[in-house]
file start-v4.csv (CSV, C-alpha atoms)
chain,number,residue,atom,x,y,z
X,1,MET,CA,89.4,94.2,95.0
X,2,LEU,CA,89.9,95.3,91.4
X,3,ASN,CA,93.6,96.0,92.2
X,4,LYS,CA,94.2,92.3,92.7
X,5,TYR,CA,92.8,91.0,89.5
X,6,ALA,CA,92.9,94.0,87.1
X,7,ARG,CA,96.5,94.9,87.8
X,8,ALA,CA,97.6,91.3,87.1
X,9,PHE,CA,95.8,91.2,83.8
X,10,PHE,CA,96.9,94.6,82.5
X,11,THR,CA,100.4,94.0,83.7
X,12,ARG,CA,100.6,91.0,81.4
X,13,VAL,CA,99.0,92.9,78.5
X,14,LEU,CA,101.3,96.0,78.8
X,15,THR,CA,104.6,94.2,79.4
X,16,PRO,CA,105.6,94.2,75.7
X,17,PHE,CA,104.8,97.9,75.5
X,18,ALA,CA,106.8,98.6,78.6
X,19,ALA,CA,109.7,96.7,77.1
X,20,LEU,CA,109.5,98.7,73.9
X,21,LEU,CA,109.7,102.0,75.8
X,22,ILE,CA,112.8,100.7,77.6
X,23,ARG,CA,114.5,99.8,74.3
X,24,ILE,CA,114.0,103.3,73.0
X,25,GLY,CA,115.4,104.9,76.1
X,26,VAL,CA,112.3,106.2,77.9
X,27,SER,CA,112.5,106.2,81.7
X,28,PRO,CA,109.8,105.1,84.1
X,29,ASP,CA,109.7,108.5,85.7
X,30,ALA,CA,109.1,110.1,82.3
X,31,VAL,CA,106.1,107.8,81.7
X,32,THR,CA,104.7,108.7,85.2
X,33,LEU,CA,105.0,112.4,84.5
X,34,VAL,CA,103.5,112.2,81.0
X,35,GLY,CA,100.7,110.0,82.1
X,36,THR,CA,99.7,112.3,84.9
X,37,GLY,CA,99.9,115.3,82.6
X,38,GLY,CA,97.6,113.6,80.1
X,39,VAL,CA,95.1,112.7,82.8
X,40,VAL,CA,95.1,116.2,84.2
X,41,ALA,CA,94.7,117.8,80.7
X,42,GLY,CA,91.9,115.4,79.7
X,43,ALA,CA,90.0,116.0,83.0
X,44,LEU,CA,90.4,119.8,83.2
X,45,ILE,CA,90.0,120.6,79.5
X,46,PHE,CA,87.1,118.3,78.6
X,47,TYR,CA,85.1,117.6,81.8
X,48,PRO,CA,84.3,121.3,82.7
X,49,GLN,CA,82.8,121.7,79.2
X,50,GLY,CA,80.6,118.6,79.5
X,51,GLU,CA,82.7,116.6,77.0
X,52,PHE,CA,82.6,113.5,79.0
X,53,PHE,CA,83.1,110.9,76.3
X,54,TRP,CA,86.2,112.4,74.7
X,55,GLY,CA,87.5,113.4,78.1
X,56,THR,CA,87.3,109.9,79.2
X,57,VAL,CA,88.9,108.6,76.1
X,58,VAL,CA,91.9,110.9,76.7
X,59,ILE,CA,92.1,110.0,80.4
X,60,THR,CA,91.9,106.3,79.8
X,61,LEU,CA,94.7,106.4,77.3
X,62,PHE,CA,97.0,108.0,79.9
X,63,VAL,CA,95.8,106.3,83.1
X,64,PHE,CA,97.5,103.1,82.1
X,65,SER,CA,100.8,104.8,82.6
X,66,ASP,CA,100.3,103.9,86.3
X,67,LEU,CA,100.9,100.3,85.3
X,68,VAL,CA,103.5,100.8,82.6
X,69,ASP,CA,106.0,102.8,84.7
X,70,GLY,CA,106.0,100.1,87.5
X,71,ASN,CA,106.3,97.4,84.9
X,72,MET,CA,109.3,99.2,83.4
X,73,ALA,CA,111.0,99.7,86.7
X,74,ARG,CA,110.6,95.9,87.5
X,75,GLN,CA,112.1,95.0,84.1
X,76,LEU,CA,115.0,97.3,84.7
X,77,GLY,CA,115.5,96.1,88.2
X,78,ARG,CA,115.3,99.7,89.4
X,79,SER,CA,112.3,99.8,91.7
X,80,SER,CA,113.1,102.6,94.2
X,81,ARG,CA,111.6,104.5,97.1
X,82,TRP,CA,111.7,107.6,94.9
X,83,GLY,CA,109.7,105.9,92.1
X,84,ALA,CA,107.1,104.7,94.6
X,85,PHE,CA,106.8,108.2,96.1
X,86,LEU,CA,106.5,109.9,92.8
X,87,ASP,CA,103.9,107.4,91.5
X,88,SER,CA,101.8,107.7,94.6
X,89,THR,CA,102.0,111.5,94.8
X,90,LEU,CA,101.0,111.9,91.1
X,91,ASP,CA,98.2,109.5,91.5
X,92,ARG,CA,96.7,111.9,94.0
X,93,VAL,CA,97.1,114.7,91.5
X,94,ALA,CA,95.4,112.8,88.7
X,95,ASP,CA,92.5,111.8,90.9
X,96,SER,CA,92.0,115.4,92.1
X,97,ALA,CA,91.9,116.6,88.4
X,98,ILE,CA,89.2,114.1,87.5
X,99,PHE,CA,86.9,115.0,90.3
X,100,GLY,CA,87.8,118.6,90.2
X,101,GLY,CA,86.9,118.7,86.5
X,102,LEU,CA,83.5,117.2,87.3
X,103,ALA,CA,83.0,119.7,90.2
X,104,LEU,CA,83.7,122.5,87.7
X,105,TRP,CA,81.1,121.2,85.3
X,106,TYR,CA,78.4,120.9,88.0
X,107,ALA,CA,79.3,124.3,89.4
X,108,GLY,CA,78.9,125.8,85.9
X,109,ARG,CA,76.8,124.6,83.0
X,110,GLY,CA,76.0,121.4,84.8
X,111,ASP,CA,74.0,123.5,87.2
X,112,SER,CA,73.8,121.3,90.2
X,113,LEU,CA,75.4,122.4,93.5
X,114,THR,CA,74.4,119.1,95.1
X,115,LEU,CA,76.5,117.1,92.5
X,116,CYS,CA,79.2,119.7,92.6
X,117,ALA,CA,79.4,119.1,96.4
X,118,MET,CA,79.4,115.3,95.8
X,119,ALA,CA,82.2,115.5,93.3
X,120,ILE,CA,84.2,117.5,95.9
X,121,PHE,CA,83.4,115.0,98.5
X,122,CYS,CA,84.6,112.2,96.3
X,123,LEU,CA,87.8,114.1,95.7
X,124,ALA,CA,88.4,114.8,99.4
X,125,SER,CA,87.4,111.4,100.7
X,126,GLY,CA,89.6,109.6,98.1
X,127,GLN,CA,92.6,111.6,99.4
X,128,VAL,CA,91.8,110.8,103.0
X,129,VAL,CA,91.3,107.1,102.2
X,130,SER,CA,94.8,107.0,100.7
X,131,TYR,CA,96.2,109.0,103.6
X,132,THR,CA,94.9,106.7,106.3
X,133,LYS,CA,96.7,103.8,104.7
X,134,ALA,CA,99.9,105.7,104.2
X,135,ARG,CA,99.8,107.2,107.8
X,136,GLY,CA,99.0,103.8,109.3
X,137,GLU,CA,102.0,102.2,107.5
X,138,ALA,CA,104.2,105.1,108.5
X,139,ILE,CA,103.6,104.3,112.2
X,140,GLY,CA,104.4,100.6,111.6
X,141,LEU,CA,101.0,99.1,111.1
X,142,PRO,CA,100.1,96.8,108.2
X,143,VAL,CA,96.6,98.3,107.6
X,144,ALA,CA,95.5,94.9,106.5
X,145,VAL,CA,92.1,95.6,105.0
X,146,ASN,CA,90.6,95.5,101.5
X,147,GLY,CA,88.3,98.5,101.4
X,148,LEU,CA,85.0,98.5,99.7
X,149,VAL,CA,85.9,101.3,97.2
X,150,GLU,CA,89.6,101.8,96.8
X,151,ARG,CA,91.4,103.8,94.0
X,152,ALA,CA,90.9,101.3,91.3
X,153,GLU,CA,87.2,101.1,92.0
X,154,ARG,CA,86.8,104.8,92.2
X,155,LEU,CA,88.5,105.3,88.8
X,156,VAL,CA,86.6,102.5,87.0
X,157,ILE,CA,83.2,103.5,88.3
X,158,THR,CA,83.7,107.2,87.6
X,159,LEU,CA,85.4,106.8,84.2
X,160,VAL,CA,82.9,104.2,82.9
X,161,ALA,CA,80.0,106.4,84.0
X,162,CYS,CA,81.6,109.5,82.5
X,163,GLY,CA,82.2,107.8,79.2
X,164,LEU,CA,78.7,106.4,79.0
X,165,SER,CA,77.1,109.7,80.0
X,166,GLY,CA,79.1,111.3,77.2
X,167,LEU,CA,77.2,109.2,74.7
X,168,HIS,CA,74.3,111.6,75.3
X,169,ALA,CA,76.0,114.0,72.9
X,170,PHE,CA,75.7,111.3,70.2
X,171,GLY,CA,71.9,110.9,70.7
X,172,VAL,CA,71.9,108.0,73.1
X,173,PRO,CA,68.9,108.6,75.5
X,174,GLY,CA,68.9,108.1,79.3
X,175,VAL,CA,72.6,107.8,79.8
X,176,GLY,CA,73.0,111.2,81.5
X,177,ILE,CA,71.8,109.8,84.8
X,178,LEU,CA,74.7,107.4,85.1
X,179,LEU,CA,77.3,110.0,86.2
X,180,PRO,CA,75.2,111.3,89.1
X,181,ILE,CA,74.6,107.7,90.3
X,182,ALA,CA,78.3,106.9,90.0
X,183,LEU,CA,79.2,110.0,92.1
X,184,TRP,CA,76.9,108.9,94.9
X,185,ILE,CA,78.2,105.3,94.7
X,186,VAL,CA,81.8,106.5,94.9
X,187,GLY,CA,81.1,109.0,97.6
X,188,ILE,CA,79.3,106.6,99.9
X,189,GLY,CA,81.7,103.8,99.1
X,190,SER,CA,84.7,106.0,99.9
X,191,ALA,CA,83.1,106.9,103.2
X,192,VAL,CA,82.6,103.2,104.1
X,193,THR,CA,86.2,102.5,103.1
X,194,LEU,CA,87.5,105.3,105.3
X,195,GLY,CA,85.5,103.8,108.2
X,196,GLN,CA,87.0,100.3,107.5
X,197,ARG,CA,90.5,101.7,107.5
X,198,VAL,CA,90.0,103.7,110.6
X,199,VAL,CA,88.6,100.7,112.5
X,200,THR,CA,91.4,98.5,111.2
X,201,VAL,CA,94.1,101.0,112.3
X,202,ARG,CA,92.5,101.4,115.7
X,203,ARG,CA,92.5,97.6,116.2
X,204,GLU,CA,96.0,97.1,114.9
X,205,SER,CA,97.4,99.9,117.0
X,206,ALA,CA,95.7,98.5,120.1
X,207,GLU,CA,97.2,95.1,119.4
X,208,ALA,CA,100.6,96.6,118.8
X,209,ASP,CA,100.4,98.6,122.0
X,210,ALA,CA,99.3,95.5,124.0
X,211,ALA,CA,102.2,93.5,122.5
X,212,VAL,CA,104.7,96.2,123.6
X,213,ALA,CA,103.2,96.4,127.1
X,214,GLN,CA,103.3,92.6,127.5
X,215,GLY,CA,106.9,92.6,126.3
X,216,GLY,CA,107.8,95.2,128.9
X,217,ASN,CA,106.1,93.3,131.7
X,218,SER,CA,107.8,90.1,130.7
X,219,ALA,CA,111.2,91.9,130.9

call {"tool": "encode", "arguments": {"input": "start-v4.csv", "output": "structure tokens"}}
result
Amino acid sequence: MLNKYARAFFTRVLTPFAALLIRIGVSPDAVTLVGTGGVVAGALIFYPQGEFFWGTVVITLFVFSDLVDGNMARQLGRSSRWGAFLDSTLDRVADSAIFGGLALWYAGRGDSLTLCAMAIFCLASGQVVSYTKARGEAIGLPVAVNGLVERAERLVITLVACGLSGLHAFGVPGVGILLPIALWIVGIGSAVTLGQRVVTVRRESAEADAAVAQGGNSA
């Protein structure tokens, strides 16, 4: 849901910046790699130490590379299968770093095996949600469903909660509860989304198989 509206808005906002990068000779692939590196560094350096505010600031600065690189490729007229593959693959790496960093915090000084397990579940379920769509499309199905919590929702909910929770270090009371709540929301939402996609693929595959069978009988 957020993909539809947020991407359109930020694409317009970031188009001048993408054009500037093109003029100075930066490639879309370089932006993808640097952006992923920044997200991974921010998540795995700051989050395991409980530095949620500054970690989120760093991650947010780099996470927009996901929009900038695609914008650059379109302006250059060089959209390619390789670029799409690289972008999608590194998205998974970045997501894993974010939830992995949170799991490390809760396994250590955060001292909550329950929330550590939930962070790991968010990591794993997010990967599987992405896989179901990719696998469904690979066998020729459209996987035409807007899931409850897709990648954009997972990132927004988690990063906003992390950033606000980090304000606890500045003396803001009561914000520490936001991150645990966000992890439960993302975990449950991802499970629901996985179910939506599995049901959709089952229905679409049955329809496709029936169409093939009907075509064979007609022949």

call {"tool": "residues_around", "arguments": {"input": "start-v4.csv", "residues": "Val34 of chain X", "least_positions_apart": "2", "cutoff": "12 Å", "atoms": "all atoms listed in the file", "output": "PyMOL selection string"}}
result
chain X and resi 26-32+36-41+59+61-66+68-69+87+90+94

call {"tool": "write_last_selection", "arguments": {"input": "start-v4.csv", "atoms": "C-alpha atoms", "output": "PDB file, in the coordinates of the input"}}
result
ATOM      1  CA  VAL X  26     112.300 106.200  77.900  1.00  0.00           C
ATOM      2  CA  SER X  27     112.500 106.200  81.700  1.00  0.00           C
ATOM      3  CA  PRO X  28     109.800 105.100  84.100  1.00  0.00           C
ATOM      4  CA  ASP X  29     109.700 108.500  85.700  1.00  0.00           C
ATOM      5  CA  ALA X  30     109.100 110.100  82.300  1.00  0.00           C
ATOM      6  CA  VAL X  31     106.100 107.800  81.700  1.00  0.00           C
ATOM      7  CA  THR X  32     104.700 108.700  85.200  1.00  0.00           C
ATOM      8  CA  THR X  36      99.700 112.300  84.900  1.00  0.00           C
ATOM      9  CA  GLY X  37      99.900 115.300  82.600  1.00  0.00           C
ATOM     10  CA  GLY X  38      97.600 113.600  80.100  1.00  0.00           C
ATOM     11  CA  VAL X  39      95.100 112.700  82.800  1.00  0.00           C
ATOM     12  CA  VAL X  40      95.100 116.200  84.200  1.00  0.00           C
ATOM     13  CA  ALA X  41      94.700 117.800  80.700  1.00  0.00           C
ATOM     14  CA  ILE X  59      92.100 110.000  80.400  1.00  0.00           C
ATOM     15  CA  LEU X  61      94.700 106.400  77.300  1.00  0.00           C
ATOM     16  CA  PHE X  62      97.000 108.000  79.900  1.00  0.00           C
ATOM     17  CA  VAL X  63      95.800 106.300  83.100  1.00  0.00           C
ATOM     18  CA  PHE X  64      97.500 103.100  82.100  1.00  0.00           C
ATOM     19  CA  SER X  65     100.800 104.800  82.600  1.00  0.00           C
ATOM     20  CA  ASP X  66     100.300 103.900  86.300  1.00  0.00           C
ATOM     21  CA  VAL X  68     103.500 100.800  82.600  1.00  0.00           C
ATOM     22  CA  ASP X  69     106.000 102.800  84.700  1.00  0.00           C
ATOM     23  CA  ASP X  87     103.900 107.400  91.500  1.00  0.00           C
ATOM     24  CA  LEU X  90     101.000 111.900  91.100  1.00  0.00           C
ATOM     25  CA  ALA X  94      95.400 112.800  88.700  1.00  0.00           C
TER      26      ALA X  94
END

call {"tool": "atom_distance", "arguments": {"input": "start-v4.csv", "atom1": "atom CA of Pro16 of chain X", "atom2": "atom CA of Asn71 of chain X"}}
result
9.8 Å

call {"tool": "residues_around", "arguments": {"input": "start-v4.csv", "residues": "segment 200-204 of chain X", "least_positions_apart": "4", "cutoff": "8 Å", "atoms": "all atoms listed in the file", "output": "number ranges by chain"}}
result
X: 136, 141-145, 196, 208

call {"tool": "closest_residue", "arguments": {"input": "start-v4.csv", "among": "X:Thr132, X:Ser205, X:Gln75, X:Ser96", "to": "Thr11 of chain X", "atoms": "only C-alpha atoms"}}
result
X:Gln75

call {"tool": "closest_residue", "arguments": {"input": "start-v4.csv", "among": "X:Ala43, X:His168, X:Thr114, X:Val13", "to": "Thr56 of chain X", "atoms": "all atoms listed in the file"}}
result
X:Ala43

call {"tool": "closest_residue", "arguments": {"input": "start-v4.csv", "among": "X:Gly25, X:Gly195, X:Gly110, X:Pro173", "to": "Asn146 of chain X", "atoms": "all atoms listed in the file"}}
result
X:Gly195

call {"tool": "closest_residue", "arguments": {"input": "start-v4.csv", "among": "X:Phe52, X:Phe9, X:Arg81, X:Ala117", "to": "Leu67 of chain X", "atoms": "only C-alpha atoms"}}
result
X:Phe9

call {"tool": "closest_residue", "arguments": {"input": "start-v4.csv", "among": "X:Phe17, X:Arg151, X:Met72, X:Leu159", "to": "Ser125 of chain X", "atoms": "all atoms listed in the file"}}
result
X:Arg151

call {"tool": "atom_distance", "arguments": {"input": "start-v4.csv", "atom1": "atom CA of Pro48 of chain X", "atom2": "atom CA of Leu102 of chain X"}}
result
6.2 Å

call {"tool": "atom_distance", "arguments": {"input": "start-v4.csv", "atom1": "atom CA of Tyr106 of chain X", "atom2": "atom CA of Val129 of chain X"}}
result
23.6 Å

call {"tool": "closest_residue", "arguments": {"input": "start-v4.csv", "among": "X:Tyr131, X:Leu148, X:Ile45, X:Leu113", "to": "Ala97 of chain X", "atoms": "only C-alpha atoms"}}
result
X:Ile45

call {"tool": "closest_atom_pairs", "arguments": {"input": "start-v4.csv", "of": "segment 58-143 of chain X", "to": "segment 152-155 of chain X", "cutoff": "9 Å", "atoms": "all atoms listed in the file", "output": "Markdown table"}}
result
| residue | atom | partner | partner_atom | distance |
| --- | --- | --- | --- | --- |
| X:Asp95 | CA | X:Leu155 | CA | 7.9 |
| X:Ile98 | CA | X:Leu155 | CA | 8.9 |
| X:Cys122 | CA | X:Arg154 | CA | 8.7 |
| X:Gly126 | CA | X:Arg154 | CA | 8.1 |

call {"tool": "decode", "arguments": {"input": "start-v4.csv", "residues": "segment 6-44 of chain X", "atoms": "N, CA and C atoms", "output": "PDB file, in the first residue's frame"}}
result
ATOM      1  N   ALA X   6       3.908   6.281  -1.555  1.00  0.00           N
ATOM      2  CA  ALA X   6       5.181   6.831  -1.082  1.00  0.00           C
ATOM      3  C   ALA X   6       6.218   6.852  -2.197  1.00  0.00           C
ATOM      4  N   ARG X   7       6.278   5.787  -2.989  1.00  0.00           N
ATOM      5  CA  ARG X   7       7.265   5.755  -4.070  1.00  0.00           C
ATOM      6  C   ARG X   7       7.039   6.872  -5.070  1.00  0.00           C
ATOM      7  N   ALA X   8       5.769   7.117  -5.418  1.00  0.00           N
ATOM      8  CA  ALA X   8       5.461   8.185  -6.382  1.00  0.00           C
ATOM      9  C   ALA X   8       5.904   9.541  -5.837  1.00  0.00           C
ATOM     10  N   PHE X   9       5.634   9.791  -4.553  1.00  0.00           N
ATOM     11  CA  PHE X   9       6.004  11.079  -3.944  1.00  0.00           C
ATOM     12  C   PHE X   9       7.517  11.257  -3.898  1.00  0.00           C
ATOM     13  N   PHE X  10       8.224  10.259  -3.344  1.00  0.00           N
ATOM     14  CA  PHE X  10       9.667  10.402  -3.172  1.00  0.00           C
ATOM     15  C   PHE X  10      10.408  10.346  -4.504  1.00  0.00           C
ATOM     16  N   THR X  11       9.835   9.681  -5.495  1.00  0.00           N
ATOM     17  CA  THR X  11      10.460   9.685  -6.818  1.00  0.00           C
ATOM     18  C   THR X  11      10.509  11.102  -7.375  1.00  0.00           C
ATOM     19  N   ARG X  12       9.392  11.843  -7.218  1.00  0.00           N
ATOM     20  CA  ARG X  12       9.373  13.234  -7.681  1.00  0.00           C
ATOM     21  C   ARG X  12      10.374  14.086  -6.903  1.00  0.00           C
ATOM     22  N   VAL X  13      10.432  13.877  -5.594  1.00  0.00           N
ATOM     23  CA  VAL X  13      11.329  14.672  -4.752  1.00  0.00           C
ATOM     24  C   VAL X  13      12.794  14.402  -5.086  1.00  0.00           C
ATOM     25  N   LEU X  14      13.125  13.138  -5.350  1.00  0.00           N
ATOM     26  CA  LEU X  14      14.527  12.750  -5.526  1.00  0.00           C
ATOM     27  C   LEU X  14      15.012  12.828  -6.966  1.00  0.00           C
ATOM     28  N   THR X  15      14.122  13.149  -7.896  1.00  0.00           N
ATOM     29  CA  THR X  15      14.539  13.211  -9.310  1.00  0.00           C
ATOM     30  C   THR X  15      15.671  14.210  -9.556  1.00  0.00           C
ATOM     31  N   PRO X  16      15.630  15.429  -8.996  1.00  0.00           N
ATOM     32  CA  PRO X  16      16.752  16.355  -9.215  1.00  0.00           C
ATOM     33  C   PRO X  16      18.075  15.812  -8.664  1.00  0.00           C
ATOM     34  N   PHE X  17      18.036  15.148  -7.509  1.00  0.00           N
ATOM     35  CA  PHE X  17      19.253  14.582  -6.933  1.00  0.00           C
ATOM     36  C   PHE X  17      19.792  13.465  -7.818  1.00  0.00           C
ATOM     37  N   ALA X  18      18.890  12.643  -8.350  1.00  0.00           N
ATOM     38  CA  ALA X  18      19.311  11.576  -9.258  1.00  0.00           C
ATOM     39  C   ALA X  18      19.958  12.158 -10.511  1.00  0.00           C
ATOM     40  N   ALA X  19      19.387  13.241 -11.025  1.00  0.00           N
ATOM     41  CA  ALA X  19      19.957  13.887 -12.216  1.00  0.00           C
ATOM     42  C   ALA X  19      21.348  14.442 -11.928  1.00  0.00           C
ATOM     43  N   LEU X  20      21.542  14.996 -10.719  1.00  0.00           N
ATOM     44  CA  LEU X  20      22.858  15.513 -10.327  1.00  0.00           C
ATOM     45  C   LEU X  20      23.895  14.395 -10.297  1.00  0.00           C
ATOM     46  N   LEU X  21      23.536  13.250  -9.732  1.00  0.00           N
ATOM     47  CA  LEU X  21      24.471  12.122  -9.674  1.00  0.00           C
ATOM     48  C   LEU X  21      24.854  11.658 -11.080  1.00  0.00           C
ATOM     49  N   ILE X  22      23.898  11.667 -11.976  1.00  0.00           N
ATOM     50  CA  ILE X  22      24.182  11.280 -13.364  1.00  0.00           C
ATOM     51  C   ILE X  22      25.177  12.246 -13.991  1.00  0.00           C
ATOM     52  N   ARG X  23      24.980  13.540 -13.743  1.00  0.00           N
ATOM     53  CA  ARG X  23      25.863  14.555 -14.341  1.00  0.00           C
ATOM     54  C   ARG X  23      27.302  14.417 -13.862  1.00  0.00           C
ATOM     55  N   ILE X  24      27.491  13.980 -12.621  1.00  0.00           N
ATOM     56  CA  ILE X  24      28.868  13.872 -12.115  1.00  0.00           C
ATOM     57  C   ILE X  24      29.447  12.477 -12.336  1.00  0.00           C
ATOM     58  N   GLY X  25      28.708  11.633 -13.071  1.00  0.00           N
ATOM     59  CA  GLY X  25      29.261  10.357 -13.498  1.00  0.00           C
ATOM     60  C   GLY X  25      29.054   9.180 -12.577  1.00  0.00           C
ATOM     61  N   VAL X  26      28.134   9.283 -11.619  1.00  0.00           N
ATOM     62  CA  VAL X  26      27.856   8.159 -10.711  1.00  0.00           C
ATOM     63  C   VAL X  26      26.886   7.198 -11.393  1.00  0.00           C
ATOM     64  N   SER X  27      27.142   5.897 -11.274  1.00  0.00           N
ATOM     65  CA  SER X  27      26.271   4.900 -11.900  1.00  0.00           C
ATOM     66  C   SER X  27      25.188   4.437 -10.937  1.00  0.00           C
ATOM     67  N   PRO X  28      24.048   3.962 -11.460  1.00  0.00           N
ATOM     68  CA  PRO X  28      22.988   3.439 -10.580  1.00  0.00           C
ATOM     69  C   PRO X  28      23.469   2.286  -9.703  1.00  0.00           C
ATOM     70  N   ASP X  29      24.294   1.409 -10.262  1.00  0.00           N
ATOM     71  CA  ASP X  29      24.796   0.278  -9.474  1.00  0.00           C
ATOM     72  C   ASP X  29      25.634   0.756  -8.292  1.00  0.00           C
ATOM     73  N   ALA X  30      26.409   1.808  -8.497  1.00  0.00           N
ATOM     74  CA  ALA X  30      27.227   2.348  -7.402  1.00  0.00           C
ATOM     75  C   ALA X  30      26.342   2.884  -6.282  1.00  0.00           C
ATOM     76  N   VAL X  31      25.249   3.546  -6.658  1.00  0.00           N
ATOM     77  CA  VAL X  31      24.312   4.066  -5.653  1.00  0.00           C
ATOM     78  C   VAL X  31      23.688   2.910  -4.875  1.00  0.00           C
ATOM     79  N   THR X  32      23.316   1.832  -5.585  1.00  0.00           N
ATOM     80  CA  THR X  32      22.736   0.658  -4.923  1.00  0.00           C
ATOM     81  C   THR X  32      23.698   0.072  -3.906  1.00  0.00           C
ATOM     82  N   LEU X  33      24.959  -0.086  -4.308  1.00  0.00           N
ATOM     83  CA  LEU X  33      25.957  -0.698  -3.425  1.00  0.00           C
ATOM     84  C   LEU X  33      26.269   0.182  -2.215  1.00  0.00           C
ATOM     85  N   VAL X  34      26.442   1.477  -2.457  1.00  0.00           N
ATOM     86  CA  VAL X  34      26.742   2.397  -1.353  1.00  0.00           C
ATOM     87  C   VAL X  34      25.555   2.487  -0.403  1.00  0.00           C
ATOM     88  N   GLY X  35      24.355   2.556  -0.943  1.00  0.00           N
ATOM     89  CA  GLY X  35      23.168   2.635  -0.105  1.00  0.00           C
ATOM     90  C   GLY X  35      23.022   1.415   0.786  1.00  0.00           C
ATOM     91  N   THR X  36      23.211   0.244   0.212  1.00  0.00           N
ATOM     92  CA  THR X  36      23.119  -0.984   1.012  1.00  0.00           C
ATOM     93  C   THR X  36      24.210  -1.029   2.071  1.00  0.00           C
ATOM     94  N   GLY X  37      25.428  -0.639   1.688  1.00  0.00           N
ATOM     95  CA  GLY X  37      26.520  -0.610   2.654  1.00  0.00           C
ATOM     96  C   GLY X  37      26.231   0.312   3.821  1.00  0.00           C
ATOM     97  N   GLY X  38      25.627   1.467   3.538  1.00  0.00           N
ATOM     98  CA  GLY X  38      25.290   2.413   4.596  1.00  0.00           C
ATOM     99  C   GLY X  38      24.222   1.876   5.529  1.00  0.00           C
ATOM    100  N   VAL X  39      23.195   1.221   4.965  1.00  0.00           N
ATOM    101  CA  VAL X  39      22.142   0.637   5.796  1.00  0.00           C
ATOM    102  C   VAL X  39      22.712  -0.463   6.687  1.00  0.00           C
ATOM    103  N   VAL X  40      23.525  -1.339   6.104  1.00  0.00           N
ATOM    104  CA  VAL X  40      24.113  -2.447   6.867  1.00  0.00           C
ATOM    105  C   VAL X  40      24.996  -1.910   7.994  1.00  0.00           C
ATOM    106  N   ALA X  41      25.818  -0.918   7.677  1.00  0.00           N
ATOM    107  CA  ALA X  41      26.705  -0.341   8.699  1.00  0.00           C
ATOM    108  C   ALA X  41      25.893   0.312   9.816  1.00  0.00           C
ATOM    109  N   GLY X  42      24.889   1.106   9.440  1.00  0.00           N
ATOM    110  CA  GLY X  42      24.074   1.772  10.451  1.00  0.00           C
ATOM    111  C   GLY X  42      23.365   0.783  11.355  1.00  0.00           C
ATOM    112  N   ALA X  43      22.844  -0.301  10.761  1.00  0.00           N
ATOM    113  CA  ALA X  43      22.089  -1.283  11.541  1.00  0.00           C
ATOM    114  C   ALA X  43      22.981  -2.118  12.440  1.00  0.00           C
ATOM    115  N   LEU X  44      24.122  -2.557  11.928  1.00  0.00           N
ATOM    116  CA  LEU X  44      24.959  -3.489  12.688  1.00  0.00           C
ATOM    117  C   LEU X  44      25.960  -2.804  13.611  1.00  0.00           C
TER     118      LEU X  44
END
